[in-house]
$ cat input-v7.tsv   # TSV, C-alpha atoms
chain	number	residue	atom	x	y	z
A	1	MET	CA	-6.66	-138.64	-162.29
A	2	SER	CA	-7.41	-141.07	-165.09
A	3	GLU	CA	-8.43	-139.73	-168.50
A	4	PRO	CA	-11.73	-141.02	-169.94
A	5	VAL	CA	-11.31	-143.56	-172.70
A	6	SER	CA	-13.76	-145.45	-174.87
A	7	LEU	CA	-13.60	-149.06	-173.77
A	8	PRO	CA	-14.68	-152.33	-175.35
A	9	ALA	CA	-18.08	-153.68	-174.46
A	10	VAL	CA	-18.27	-155.11	-170.94
A	11	LYS	CA	-20.47	-157.99	-169.79
A	12	LEU	CA	-23.10	-157.92	-167.07
A	13	LEU	CA	-21.91	-160.26	-164.32
A	14	ALA	CA	-24.67	-159.96	-161.73
A	15	LYS	CA	-27.64	-157.89	-160.63
A	16	GLU	CA	-29.14	-157.51	-157.20
A	17	ALA	CA	-31.96	-155.61	-155.51
A	18	VAL	CA	-30.33	-153.42	-152.84
A	19	ALA	CA	-33.35	-151.37	-151.72
A	20	SER	CA	-36.94	-150.77	-152.68
A	21	ASN	CA	-37.11	-150.24	-156.45
A	22	THR	CA	-33.31	-150.06	-156.54
A	23	MET	CA	-30.82	-152.42	-158.17
A	24	SER	CA	-27.06	-152.82	-158.42
A	25	PHE	CA	-25.59	-154.06	-161.70
A	26	ARG	CA	-22.08	-155.53	-161.71
A	27	PHE	CA	-20.07	-155.47	-164.90
A	28	GLU	CA	-16.71	-156.96	-165.73
A	29	LYS	CA	-13.73	-154.68	-165.14
A	30	PRO	CA	-11.52	-154.31	-168.24
A	31	THR	CA	-7.88	-155.25	-167.78
A	32	GLY	CA	-5.87	-152.21	-166.74
A	33	PHE	CA	-8.91	-149.97	-166.23
A	34	GLU	CA	-8.49	-147.49	-163.39
A	35	TYR	CA	-10.76	-144.90	-161.83
A	36	THR	CA	-10.95	-142.80	-158.67
A	37	ALA	CA	-13.65	-143.40	-156.07
A	38	GLY	CA	-16.46	-140.91	-156.69
A	39	GLN	CA	-16.20	-140.87	-160.48
A	40	PHE	CA	-18.86	-142.09	-162.90
A	41	ALA	CA	-19.29	-143.89	-166.22
A	42	ASP	CA	-21.58	-143.58	-169.22
A	43	TYR	CA	-23.26	-146.85	-170.18
A	44	THR	CA	-24.68	-147.44	-173.66
A	45	LEU	CA	-27.13	-150.25	-174.39
A	46	LEU	CA	-26.35	-152.28	-177.51
A	47	ASN	CA	-29.31	-153.04	-179.80
A	48	PRO	CA	-31.87	-152.72	-177.00
A	49	PRO	CA	-35.27	-154.32	-177.57
A	50	GLU	CA	-36.93	-151.12	-176.34
A	51	THR	CA	-36.02	-147.42	-176.52
A	52	ASP	CA	-37.62	-144.03	-175.91
A	53	ALA	CA	-36.93	-140.31	-176.19
A	54	GLU	CA	-34.47	-140.42	-173.28
A	55	GLY	CA	-32.14	-142.58	-175.34
A	56	ASP	CA	-29.87	-145.55	-174.77
A	57	ILE	CA	-27.11	-143.88	-172.69
A	58	ARG	CA	-27.04	-143.18	-168.95
A	59	GLY	CA	-24.37	-141.93	-166.60
A	60	PHE	CA	-24.05	-143.70	-163.24
A	61	SER	CA	-21.60	-143.12	-160.43
A	62	PHE	CA	-19.48	-146.13	-159.63
A	63	SER	CA	-20.98	-147.57	-156.46
A	64	SER	CA	-18.12	-150.06	-156.50
A	65	ALA	CA	-14.79	-149.06	-154.98
A	66	PRO	CA	-11.71	-149.14	-157.24
A	67	PHE	CA	-10.15	-152.03	-155.31
A	68	GLU	CA	-13.15	-154.26	-156.03
A	69	PRO	CA	-12.74	-156.64	-158.99
A	70	PHE	CA	-15.87	-155.46	-160.82
A	71	LEU	CA	-17.60	-152.24	-161.86
A	72	GLN	CA	-20.94	-151.57	-160.21
A	73	ALA	CA	-23.74	-149.17	-161.06
A	74	THR	CA	-26.69	-148.76	-158.68
A	75	THR	CA	-29.88	-147.03	-159.72
A	76	ARG	CA	-33.54	-146.46	-158.99
A	77	LEU	CA	-35.75	-148.30	-161.49
A	78	ARG	CA	-37.78	-145.56	-163.13
A	79	ASP	CA	-40.37	-146.28	-165.80
A	80	THR	CA	-38.11	-145.70	-168.81
A	81	ALA	CA	-37.03	-147.93	-171.68
A	82	PHE	CA	-33.39	-147.84	-170.55
A	83	LYS	CA	-34.26	-149.01	-167.03
A	84	HIS	CA	-36.63	-151.69	-168.33
A	85	VAL	CA	-33.92	-153.13	-170.58
A	86	LEU	CA	-31.23	-152.95	-167.90
A	87	ARG	CA	-33.49	-154.54	-165.27
A	88	ASP	CA	-34.40	-157.42	-167.55
A	89	ALA	CA	-30.97	-157.92	-169.14
A	90	ALA	CA	-29.61	-161.45	-169.07
A	91	ILE	CA	-26.32	-162.17	-167.37
A	92	GLY	CA	-23.66	-161.86	-170.06
A	93	THR	CA	-25.38	-158.96	-171.84
A	94	GLU	CA	-22.82	-156.46	-173.10
A	95	VAL	CA	-22.91	-152.66	-172.78
A	96	LEU	CA	-20.47	-150.01	-173.92
A	97	LEU	CA	-18.62	-148.23	-171.12
A	98	ASP	CA	-17.20	-144.71	-171.47
A	99	ALA	CA	-15.22	-143.82	-168.35
A	100	PRO	CA	-14.03	-142.52	-166.02
A	101	TRP	CA	-15.60	-139.09	-165.73
A	102	GLY	CA	-16.04	-136.57	-162.92
A	103	SER	CA	-14.14	-134.95	-160.06
A	104	PHE	CA	-16.45	-135.69	-157.12
A	105	THR	CA	-13.54	-137.32	-155.34
A	106	LEU	CA	-12.04	-137.27	-151.86
A	107	HIS	CA	-9.76	-134.34	-151.04
A	108	HIS	CA	-6.10	-134.97	-150.28
A	109	LYS	CA	-5.66	-133.06	-147.00
A	110	VAL	CA	-6.22	-135.82	-144.46
A	111	GLU	CA	-6.36	-133.37	-141.56
A	112	ARG	CA	-9.67	-131.98	-142.88
A	113	PRO	CA	-12.70	-134.20	-142.22
A	114	ALA	CA	-15.06	-135.14	-145.04
A	115	VAL	CA	-18.81	-134.84	-144.54
A	116	PHE	CA	-21.21	-136.33	-147.09
A	117	LEU	CA	-24.81	-135.15	-147.32
A	118	THR	CA	-26.63	-137.63	-149.52
A	119	GLY	CA	-30.20	-138.35	-150.45
A	120	GLY	CA	-31.63	-141.47	-152.04
A	121	ILE	CA	-29.39	-142.90	-154.74
A	122	GLY	CA	-26.88	-140.12	-154.03
A	123	ILE	CA	-25.29	-142.58	-151.61
A	124	THR	CA	-23.57	-144.38	-154.50
A	125	PRO	CA	-20.35	-142.31	-154.78
A	126	ALA	CA	-20.17	-142.13	-150.98
A	127	ARG	CA	-20.10	-145.93	-150.76
A	128	SER	CA	-17.25	-146.03	-153.26
A	129	ILE	CA	-15.26	-143.36	-151.43
A	130	VAL	CA	-15.82	-144.76	-147.93
A	131	LEU	CA	-14.87	-148.31	-148.87
A	132	GLN	CA	-11.78	-147.18	-150.79
A	133	SER	CA	-10.65	-144.93	-147.94
A	134	VAL	CA	-10.97	-147.82	-145.48
A	135	HIS	CA	-9.18	-150.19	-147.87
A	136	ASP	CA	-6.30	-147.76	-148.47
A	137	VAL	CA	-6.16	-146.62	-144.81
A	138	THR	CA	-6.07	-143.00	-146.00
A	139	GLY	CA	-6.65	-141.66	-142.48
A	140	HIS	CA	-9.56	-139.41	-143.44
A	141	SER	CA	-12.34	-138.92	-140.92
A	142	ILE	CA	-15.54	-139.36	-142.92
A	143	THR	CA	-19.12	-138.74	-141.80
A	144	VAL	CA	-21.96	-139.76	-144.11
A	145	PHE	CA	-25.46	-138.34	-143.59
A	146	ASP	CA	-27.90	-140.29	-145.74
A	147	SER	CA	-31.53	-139.19	-146.04
A	148	ASN	CA	-34.25	-141.55	-147.23
A	149	HIS	CA	-38.01	-141.77	-146.91
A	150	THR	CA	-37.97	-145.19	-145.22
A	151	PRO	CA	-35.34	-147.80	-144.29
A	152	GLN	CA	-36.38	-150.08	-147.13
A	153	GLU	CA	-35.44	-147.32	-149.59
A	154	ALA	CA	-31.93	-146.86	-148.16
A	155	ALA	CA	-29.37	-148.57	-150.41
A	156	PHE	CA	-26.34	-150.06	-148.59
A	157	LEU	CA	-27.89	-149.33	-145.18
A	158	ASP	CA	-26.68	-152.56	-143.55
A	159	GLU	CA	-23.28	-152.50	-145.22
A	160	LEU	CA	-22.44	-148.91	-144.27
A	161	THR	CA	-23.71	-149.47	-140.74
A	162	ARG	CA	-21.28	-152.39	-140.44
A	163	VAL	CA	-18.36	-150.49	-142.00
A	164	ALA	CA	-18.87	-147.60	-139.58
A	165	ALA	CA	-19.06	-149.97	-136.61
A	166	GLU	CA	-15.75	-151.54	-137.62
A	167	ASN	CA	-13.85	-148.31	-138.35
A	168	ASP	CA	-13.37	-145.48	-135.87
A	169	ARG	CA	-12.85	-142.88	-138.61
A	170	ILE	CA	-16.16	-143.62	-140.36
A	171	THR	CA	-19.47	-142.29	-139.03
A	172	TYR	CA	-22.70	-143.22	-140.79
A	173	VAL	CA	-25.87	-141.28	-139.99
A	174	PRO	CA	-28.93	-142.57	-141.86
A	175	THR	CA	-32.07	-140.51	-141.31
A	176	MET	CA	-35.65	-141.29	-142.35
A	177	SER	CA	-38.20	-138.64	-143.30
A	178	GLY	CA	-41.31	-140.75	-143.96
A	179	LEU	CA	-41.60	-143.42	-141.30
A	180	GLY	CA	-45.39	-143.35	-141.48
A	181	ASP	CA	-45.00	-145.35	-144.69
A	182	SER	CA	-42.37	-147.74	-143.32
A	183	ARG	CA	-42.79	-151.48	-142.78
A	184	HIS	CA	-39.84	-151.51	-140.35
A	185	GLN	CA	-39.09	-150.23	-136.88
A	186	TRP	CA	-36.53	-147.43	-136.79
A	187	ALA	CA	-34.52	-146.16	-133.82
A	188	GLY	CA	-32.13	-143.83	-135.65
A	189	GLU	CA	-32.34	-140.21	-136.77
A	190	THR	CA	-35.55	-138.94	-138.32
A	191	GLY	CA	-36.43	-135.94	-140.44
A	192	HIS	CA	-34.42	-134.11	-143.05
A	193	ILE	CA	-30.77	-133.22	-142.62
A	194	ASP	CA	-30.48	-129.81	-141.01
A	195	ALA	CA	-27.96	-127.74	-139.05
A	196	ALA	CA	-29.07	-129.20	-135.72
A	197	MET	CA	-28.50	-132.74	-136.96
A	198	LEU	CA	-25.10	-131.83	-138.39
A	199	SER	CA	-24.07	-130.27	-135.09
A	200	ARG	CA	-24.85	-133.47	-133.20
A	201	TYR	CA	-22.12	-135.28	-135.14
A	202	VAL	CA	-19.75	-132.55	-136.37
A	203	ASP	CA	-18.02	-130.54	-133.62
A	204	ASP	CA	-16.94	-127.64	-135.87
A	205	LEU	CA	-19.13	-127.09	-138.94
A	206	ALA	CA	-16.42	-124.94	-140.54
A	207	ALA	CA	-13.76	-127.66	-140.39
A	208	PRO	CA	-14.85	-130.26	-143.00
A	209	ILE	CA	-14.98	-130.43	-146.76
A	210	TYR	CA	-18.63	-131.13	-147.64
A	211	TYR	CA	-19.84	-133.40	-150.43
A	212	VAL	CA	-23.52	-133.04	-151.37
A	213	CYS	CA	-25.03	-135.62	-153.69
A	214	GLY	CA	-28.63	-136.44	-154.59
A	215	PRO	CA	-31.69	-135.11	-156.42
A	216	GLY	CA	-31.61	-131.46	-157.44
A	217	ALA	CA	-34.04	-130.24	-154.77
A	218	MET	CA	-32.07	-132.01	-152.04
A	219	VAL	CA	-28.76	-130.56	-153.26
A	220	LYS	CA	-30.25	-127.06	-153.29
A	221	ALA	CA	-31.67	-127.51	-149.78
A	222	MET	CA	-28.34	-128.75	-148.41
A	223	ARG	CA	-26.51	-125.82	-149.97
A	224	GLY	CA	-28.93	-123.56	-148.13
A	225	VAL	CA	-28.31	-125.34	-144.81
A	226	LEU	CA	-24.54	-125.09	-145.22
A	227	ASP	CA	-24.66	-121.45	-146.35
A	228	ALA	CA	-26.81	-120.52	-143.34
A	229	ALA	CA	-24.34	-122.32	-141.06
A	230	GLY	CA	-21.53	-120.14	-142.41
A	231	VAL	CA	-19.69	-122.86	-144.33
A	232	ASP	CA	-17.30	-121.41	-146.91
A	233	SER	CA	-18.63	-122.09	-150.42
A	234	ASP	CA	-15.14	-123.23	-151.45
A	235	ASP	CA	-15.55	-126.12	-149.01
A	236	ILE	CA	-18.74	-127.44	-150.62
A	237	ARG	CA	-18.69	-129.86	-153.55
A	238	THR	CA	-21.90	-130.99	-155.19
A	239	GLU	CA	-23.11	-133.63	-157.62
A	240	GLU	CA	-26.72	-133.38	-158.73
A	241	PHE	CA	-28.54	-136.48	-159.96
A	242	THR	CA	-31.23	-135.70	-162.52
A	243	GLY	CA	-33.61	-138.17	-164.12
A	244	TYR	CA	-31.92	-141.19	-162.57
$ encode --input "input-v7.tsv" --output "structure tokens"
Amino acid sequence: MSEPVSLPAVKLLAKEAVASNTMSFRFEKPTGFEYTAGQFADYTLLNPPETDAEGDIRGFSFSSAPFEPFLQATTRLRDTAFKHVLRDAAIGTEVLLDAPWGSFTLHHKVERPAVFLTGGIGITPARSIVLQSVHDVTGHSITVFDSNHTPQEAAFLDELTRVAAENDRITYVPTMSGLGDSRHQWAGETGHIDAAMLSRYVDDLAAPIYYVCGPGAMVKAMRGVLDAAGVDSDDIRTEEFTGY
């Protein structure tokens, strides 16, 4: 796995709204830079016009896959100085990148399925891992459960639906827990991820390696579901997003 290195400043190439109050930011990829799908980077704003007590550095999982020719961070747009500056940054703005970090990466034993339990912006490392696995034809069977309040809040919903439809080894299970607030019709799963929902898509709950990623409360709840289902704690990997 690559060692983190301090890199030169990288330029913002593009930015795009990918869900309600959620944006992806694409940065140039330094020559020779390598990372593993599921890792993250620390981004530092340079001479920002606004700052606050939370500071000018944030860590974001790469929502891009390593084979893609850019680095992408995707985040909810909270009311903080960092997010204001990033949202309004002009194309060409430079930030410092410190990366790669983290070990929330796909296991090597292909015979064991991978099951992702994600909530909100926790989908970002899952996108990276799924797309890289498909690109590299790793042979892993991957199921992604992705919980959001409404469809408009689900980042990469259309893309992951398409990827799953085109690849037999990828299953994507988006579920919505607040359809009363939705502007869209929804015919998929509803409610929070629980053991009953898992069992509809996973034949043997003891077989996979589980990856849980999202807000702290969601990660805690999913640990409880998996523990109650008898999943070995050694088969559960977590990444908790705080203050994103």
$ atom_distance --input "input-v7.tsv" --atom1 "atom CA of A:Asp158" --atom2 "atom CA of A:Val95"
29.5 Å
$ closest_residue --input "input-v7.tsv" --among "A:Val212, A:Leu12, A:Val219, A:Ala228" --to "A:Ile91" --atoms "all atoms listed in the file"
A:Leu12
$ residues_around --input "input-v7.tsv" --residues "A:His184" --least-positions-apart "6" --cutoff "9 Å" --atoms "only C-alpha atoms" --output "list in words"
Thr150, Pro151 and Gln152 of chain A
$ closest_residue --input "input-v7.tsv" --among "A:Leu96, A:Ala217, A:Ala155, A:Val115" --to "A:Glu16" --atoms "only C-alpha atoms"
A:Ala155
$ residues_near_point --input "input-v7.tsv" --point "(-18.4, -136.0, -150.0)" --cutoff "6 Å" --atoms "all atoms listed in the file" --output "list in words"
Val115, Phe116, Tyr210 and Tyr211 of chain A
$ residues_around --input "input-v7.tsv" --residues "A:Phe27" --least-positions-apart "4" --cutoff "6 Å" --atoms "only C-alpha atoms" --output "ChimeraX atom specification"
/A:11-13,70-71
$ atom_distance --input "input-v7.tsv" --atom1 "atom CA of A:Gly214" --atom2 "atom CA of A:Phe60"
12.2 Å
$ residues_around --input "input-v7.tsv" --residues "A:Phe145" --least-positions-apart "5" --cutoff "6 Å" --atoms "all atoms listed in the file" --output "JSON, numbers by chain"
{"A": [116, 117, 173, 174]}
$ residues_around --input "input-v7.tsv" --residues "A:Asp227" --least-positions-apart "6" --cutoff "10 Å" --atoms "all atoms listed in the file" --output "short mmCIF file (atom, residue, chain, number, x, y, z; two decimals) with C-alpha atoms, keeping the file's coordinate frame"
data_model
loop_
_atom_site.label_atom_id
_atom_site.label_comp_id
_atom_site.auth_asym_id
_atom_site.auth_seq_id
_atom_site.Cartn_x
_atom_site.Cartn_y
_atom_site.Cartn_z
CA ALA A 221 -31.67 -127.51 -149.78
CA SER A 233 -18.63 -122.09 -150.42
CA ILE A 236 -18.74 -127.44 -150.62
#
$ closest_residue --input "input-v7.tsv" --among "A:Ser24, A:Thr105, A:Thr93, A:Gln39" --to "A:Gln72" --atoms "only C-alpha atoms"
A:Ser24
$ atom_distance --input "input-v7.tsv" --atom1 "atom CA of A:Phe62" --atom2 "atom CA of A:Asn167"
22.1 Å
$ closest_residue --input "input-v7.tsv" --among "A:Val144, A:Ala207, A:Cys213, A:Phe241" --to "A:Ala229" --atoms "all atoms listed in the file"
A:Ala207
$ closest_residue --input "input-v7.tsv" --among "A:Ile170, A:Ala154, A:Ile129, A:Ile121" --to "A:Glu240" --atoms "all atoms listed in the file"
A:Ile121
$ closest_residue --input "input-v7.tsv" --among "A:Asn21, A:Ser133, A:Thr31, A:Thr138" --to "A:Asp79" --atoms "only C-alpha atoms"
A:Asn21
$ residues_near_point --input "input-v7.tsv" --point "(-9.7, -150.1, -160.9)" --cutoff "7 Å" --atoms "all atoms listed in the file" --output "JSON, numbers by chain"
{"A": [33, 34, 35, 66, 67]}
$ residues_around --input "input-v7.tsv" --residues "A:Thr36" --least-positions-apart "2" --cutoff "12 Å" --atoms "only C-alpha atoms" --output "MDAnalysis selection string"
chainID A and resid 1:4 33:34 38:41 61:68 71 99:107 125 128:133
$ build_atoms --input "input-v7.tsv" --residues "stretch 142-168 of chain A" --atoms "N, CA, C and O atoms" --output "PDB file, in the coordinates of the input"
ATOM      1  N   ILE A 142     -14.433-139.525-141.984  1.00  0.00           N
ATOM      2  CA  ILE A 142     -15.540-139.360-142.920  1.00  0.00           C
ATOM      3  C   ILE A 142     -16.863-139.586-142.201  1.00  0.00           C
ATOM      4  O   ILE A 142     -17.052-140.607-141.533  1.00  0.00           O
ATOM      5  N   THR A 143     -17.766-138.621-142.333  1.00  0.00           N
ATOM      6  CA  THR A 143     -19.120-138.740-141.800  1.00  0.00           C
ATOM      7  C   THR A 143     -20.097-138.698-142.958  1.00  0.00           C
ATOM      8  O   THR A 143     -20.035-137.790-143.795  1.00  0.00           O
ATOM      9  N   VAL A 144     -20.979-139.680-143.026  1.00  0.00           N
ATOM     10  CA  VAL A 144     -21.960-139.760-144.110  1.00  0.00           C
ATOM     11  C   VAL A 144     -23.362-139.610-143.526  1.00  0.00           C
ATOM     12  O   VAL A 144     -23.820-140.450-142.749  1.00  0.00           O
ATOM     13  N   PHE A 145     -24.051-138.517-143.885  1.00  0.00           N
ATOM     14  CA  PHE A 145     -25.460-138.340-143.590  1.00  0.00           C
ATOM     15  C   PHE A 145     -26.236-138.798-144.810  1.00  0.00           C
ATOM     16  O   PHE A 145     -25.991-138.318-145.922  1.00  0.00           O
ATOM     17  N   ASP A 146     -27.176-139.717-144.609  1.00  0.00           N
ATOM     18  CA  ASP A 146     -27.900-140.290-145.740  1.00  0.00           C
ATOM     19  C   ASP A 146     -29.397-140.234-145.475  1.00  0.00           C
ATOM     20  O   ASP A 146     -29.912-140.921-144.584  1.00  0.00           O
ATOM     21  N   SER A 147     -30.096-139.417-146.247  1.00  0.00           N
ATOM     22  CA  SER A 147     -31.530-139.190-146.040  1.00  0.00           C
ATOM     23  C   SER A 147     -32.360-140.040-147.006  1.00  0.00           C
ATOM     24  O   SER A 147     -32.134-140.022-148.220  1.00  0.00           O
ATOM     25  N   ASN A 148     -33.309-140.775-146.435  1.00  0.00           N
ATOM     26  CA  ASN A 148     -34.250-141.550-147.230  1.00  0.00           C
ATOM     27  C   ASN A 148     -35.641-141.428-146.616  1.00  0.00           C
ATOM     28  O   ASN A 148     -35.797-141.020-145.460  1.00  0.00           O
ATOM     29  N   HIS A 149     -36.635-141.808-147.395  1.00  0.00           N
ATOM     30  CA  HIS A 149     -38.010-141.770-146.910  1.00  0.00           C
ATOM     31  C   HIS A 149     -38.224-142.830-145.837  1.00  0.00           C
ATOM     32  O   HIS A 149     -38.731-142.545-144.746  1.00  0.00           O
ATOM     33  N   THR A 150     -37.811-144.059-146.143  1.00  0.00           N
ATOM     34  CA  THR A 150     -37.970-145.190-145.220  1.00  0.00           C
ATOM     35  C   THR A 150     -36.718-146.060-145.270  1.00  0.00           C
ATOM     36  O   THR A 150     -35.948-146.002-146.233  1.00  0.00           O
ATOM     37  N   PRO A 151     -36.513-146.922-144.272  1.00  0.00           N
ATOM     38  CA  PRO A 151     -35.340-147.800-144.290  1.00  0.00           C
ATOM     39  C   PRO A 151     -35.280-148.708-145.506  1.00  0.00           C
ATOM     40  O   PRO A 151     -34.186-148.982-146.017  1.00  0.00           O
ATOM     41  N   GLN A 152     -36.412-149.174-145.986  1.00  0.00           N
ATOM     42  CA  GLN A 152     -36.380-150.080-147.130  1.00  0.00           C
ATOM     43  C   GLN A 152     -35.937-149.392-148.416  1.00  0.00           C
ATOM     44  O   GLN A 152     -35.593-150.056-149.389  1.00  0.00           O
ATOM     45  N   GLU A 153     -35.909-148.066-148.415  1.00  0.00           N
ATOM     46  CA  GLU A 153     -35.440-147.320-149.590  1.00  0.00           C
ATOM     47  C   GLU A 153     -33.974-146.945-149.497  1.00  0.00           C
ATOM     48  O   GLU A 153     -33.444-146.338-150.422  1.00  0.00           O
ATOM     49  N   ALA A 154     -33.308-147.281-148.399  1.00  0.00           N
ATOM     50  CA  ALA A 154     -31.930-146.860-148.160  1.00  0.00           C
ATOM     51  C   ALA A 154     -30.945-147.905-148.681  1.00  0.00           C
ATOM     52  O   ALA A 154     -30.716-148.939-148.037  1.00  0.00           O
ATOM     53  N   ALA A 155     -30.362-147.659-149.842  1.00  0.00           N
ATOM     54  CA  ALA A 155     -29.370-148.570-150.410  1.00  0.00           C
ATOM     55  C   ALA A 155     -28.124-148.613-149.530  1.00  0.00           C
ATOM     56  O   ALA A 155     -27.672-147.582-149.029  1.00  0.00           O
ATOM     57  N   PHE A 156     -27.591-149.817-149.336  1.00  0.00           N
ATOM     58  CA  PHE A 156     -26.340-150.060-148.590  1.00  0.00           C
ATOM     59  C   PHE A 156     -26.461-149.732-147.102  1.00  0.00           C
ATOM     60  O   PHE A 156     -25.449-149.540-146.424  1.00  0.00           O
ATOM     61  N   LEU A 157     -27.682-149.673-146.588  1.00  0.00           N
ATOM     62  CA  LEU A 157     -27.890-149.330-145.180  1.00  0.00           C
ATOM     63  C   LEU A 157     -27.138-150.285-144.257  1.00  0.00           C
ATOM     64  O   LEU A 157     -26.389-149.850-143.374  1.00  0.00           O
ATOM     65  N   ASP A 158     -27.320-151.586-144.426  1.00  0.00           N
ATOM     66  CA  ASP A 158     -26.680-152.560-143.550  1.00  0.00           C
ATOM     67  C   ASP A 158     -25.159-152.553-143.721  1.00  0.00           C
ATOM     68  O   ASP A 158     -24.408-152.626-142.740  1.00  0.00           O
ATOM     69  N   GLU A 159     -24.716-152.463-144.962  1.00  0.00           N
ATOM     70  CA  GLU A 159     -23.280-152.500-145.220  1.00  0.00           C
ATOM     71  C   GLU A 159     -22.563-151.300-144.602  1.00  0.00           C
ATOM     72  O   GLU A 159     -21.526-151.445-143.933  1.00  0.00           O
ATOM     73  N   LEU A 160     -23.098-150.099-144.806  1.00  0.00           N
ATOM     74  CA  LEU A 160     -22.440-148.910-144.270  1.00  0.00           C
ATOM     75  C   LEU A 160     -22.536-148.851-142.754  1.00  0.00           C
ATOM     76  O   LEU A 160     -21.620-148.338-142.091  1.00  0.00           O
ATOM     77  N   THR A 161     -23.614-149.376-142.193  1.00  0.00           N
ATOM     78  CA  THR A 161     -23.710-149.470-140.740  1.00  0.00           C
ATOM     79  C   THR A 161     -22.591-150.361-140.200  1.00  0.00           C
ATOM     80  O   THR A 161     -21.934-150.028-139.202  1.00  0.00           O
ATOM     81  N   ARG A 162     -22.347-151.481-140.864  1.00  0.00           N
ATOM     82  CA  ARG A 162     -21.280-152.390-140.440  1.00  0.00           C
ATOM     83  C   ARG A 162     -19.906-151.763-140.611  1.00  0.00           C
ATOM     84  O   ARG A 162     -19.060-151.839-139.707  1.00  0.00           O
ATOM     85  N   VAL A 163     -19.664-151.115-141.745  1.00  0.00           N
ATOM     86  CA  VAL A 163     -18.360-150.490-142.000  1.00  0.00           C
ATOM     87  C   VAL A 163     -18.063-149.435-140.940  1.00  0.00           C
ATOM     88  O   VAL A 163     -16.938-149.344-140.423  1.00  0.00           O
ATOM     89  N   ALA A 164     -19.063-148.634-140.596  1.00  0.00           N
ATOM     90  CA  ALA A 164     -18.870-147.600-139.580  1.00  0.00           C
ATOM     91  C   ALA A 164     -18.590-148.218-138.212  1.00  0.00           C
ATOM     92  O   ALA A 164     -17.764-147.705-137.440  1.00  0.00           O
ATOM     93  N   ALA A 165     -19.269-149.312-137.901  1.00  0.00           N
ATOM     94  CA  ALA A 165     -19.060-149.970-136.610  1.00  0.00           C
ATOM     95  C   ALA A 165     -17.662-150.543-136.488  1.00  0.00           C
ATOM     96  O   ALA A 165     -17.110-150.629-135.377  1.00  0.00           O
ATOM     97  N   GLU A 166     -17.069-150.908-137.622  1.00  0.00           N
ATOM     98  CA  GLU A 166     -15.750-151.540-137.620  1.00  0.00           C
ATOM     99  C   GLU A 166     -14.599-150.557-137.788  1.00  0.00           C
ATOM    100  O   GLU A 166     -13.431-150.957-137.669  1.00  0.00           O
ATOM    101  N   ASN A 167     -14.904-149.282-138.056  1.00  0.00           N
ATOM    102  CA  ASN A 167     -13.850-148.310-138.350  1.00  0.00           C
ATOM    103  C   ASN A 167     -14.105-147.011-137.608  1.00  0.00           C
ATOM    104  O   ASN A 167     -15.105-146.327-137.855  1.00  0.00           O
ATOM    105  N   ASP A 168     -13.186-146.650-136.721  1.00  0.00           N
ATOM    106  CA  ASP A 168     -13.370-145.480-135.870  1.00  0.00           C
ATOM    107  C   ASP A 168     -13.462-144.176-136.662  1.00  0.00           C
ATOM    108  O   ASP A 168     -14.065-143.206-136.192  1.00  0.00           O
TER     109      ASP A 168
END
